[in-house]
Amino acid sequence: MNNNKLIWPIAVVISSLILGGSLLFIQINKQNSIEKQKQLDVEQEEAKLIQEKEADEAEAEQSQKEYVANRKNDCLDIYKTEDEKWNNIQGWRYDETDDRCYIRYKNPKPKSDAECDEDYPVDGDLRFLFLRDNMLCKDGEFENSF
């Protein structure tokens, strides 16, 4: 009979441990699920921000391309206008770096190579500044920028 008296308390303790362990396991799973969902939300937000940034960059790049195309058309119009006014027009170019239009003219009084080297020195530290002008001068041409 002594054994029957102990069975009920032992059964209650074991049942309580099983029930408590199950509730703890459920809470741990629930917490892990919440953390996973938060991590997914963060990753989705980061992906969205990256997509928005890429879209903004693509839009800015497209806008820049359109600007350059418009400036090239403007430069061509300047060239055509100058060509109607002058008979010594040689060509045109648009420099994206400087955002300038350059019209090239034939010099009616070309300089000698020595004069070109004197006016536009190509030796020394600043040669890169004058190299194009020196070459144009030696070809009997010059540029104006617009």
# chains A, B, ... in the order shown; residues from 1 in each chain; ligands from 1
>>> select_by_dssp(residues="chain A", states="helix (DSSP H, G or I)", output="NGL selection string")
:A and (2-85 or 113-119 or 127-138)
>>> select_by_dssp(residues="region 27-107 of chain A", states="strand (DSSP E or B)", output="list in words")
Ile89, Gln90, Gly91, Trp92, Arg93, Tyr94, Asp95, Arg100, Cys101, Tyr102, Ile103, Arg104, Tyr105 and Lys106 of chain A
>>> residues_around(residues="region 96-104 of chain A", least_positions_apart="6", cutoff="9 Å", atoms="only C-alpha atoms", output="list in words")
Val68, Arg71, Lys72, Asp74, Cys75, Leu76, Ile78, Tyr79, Glu82, Asn88, Ile89, Gln90, Leu136, Glu141, Phe142, Glu143, Asn144, Ser145 and Phe146 of chain A
>>> residues_around(residues="Leu129 (chain A)", least_positions_apart="6", cutoff="12 Å", atoms="only C-alpha atoms", output="list of chain:residue names")
A:Asp119, A:Tyr120, A:Pro121, A:Val122, A:Asp123, A:Met135
>>> write_last_selection(atoms="C-alpha atoms", output="PDB file, in the first residue's frame")
ATOM      1  CA  ASP A 119      53.815  79.342 -77.543  1.00  0.00           C
ATOM      2  CA  TYR A 120      52.835  75.837 -76.392  1.00  0.00           C
ATOM      3  CA  PRO A 121      55.860  74.171 -74.742  1.00  0.00           C
ATOM      4  CA  VAL A 122      55.694  70.393 -74.700  1.00  0.00           C
ATOM      5  CA  ASP A 123      58.659  69.737 -72.428  1.00  0.00           C
ATOM      6  CA  MET A 135      49.813  69.656 -82.217  1.00  0.00           C
TER       7      MET A 135
END
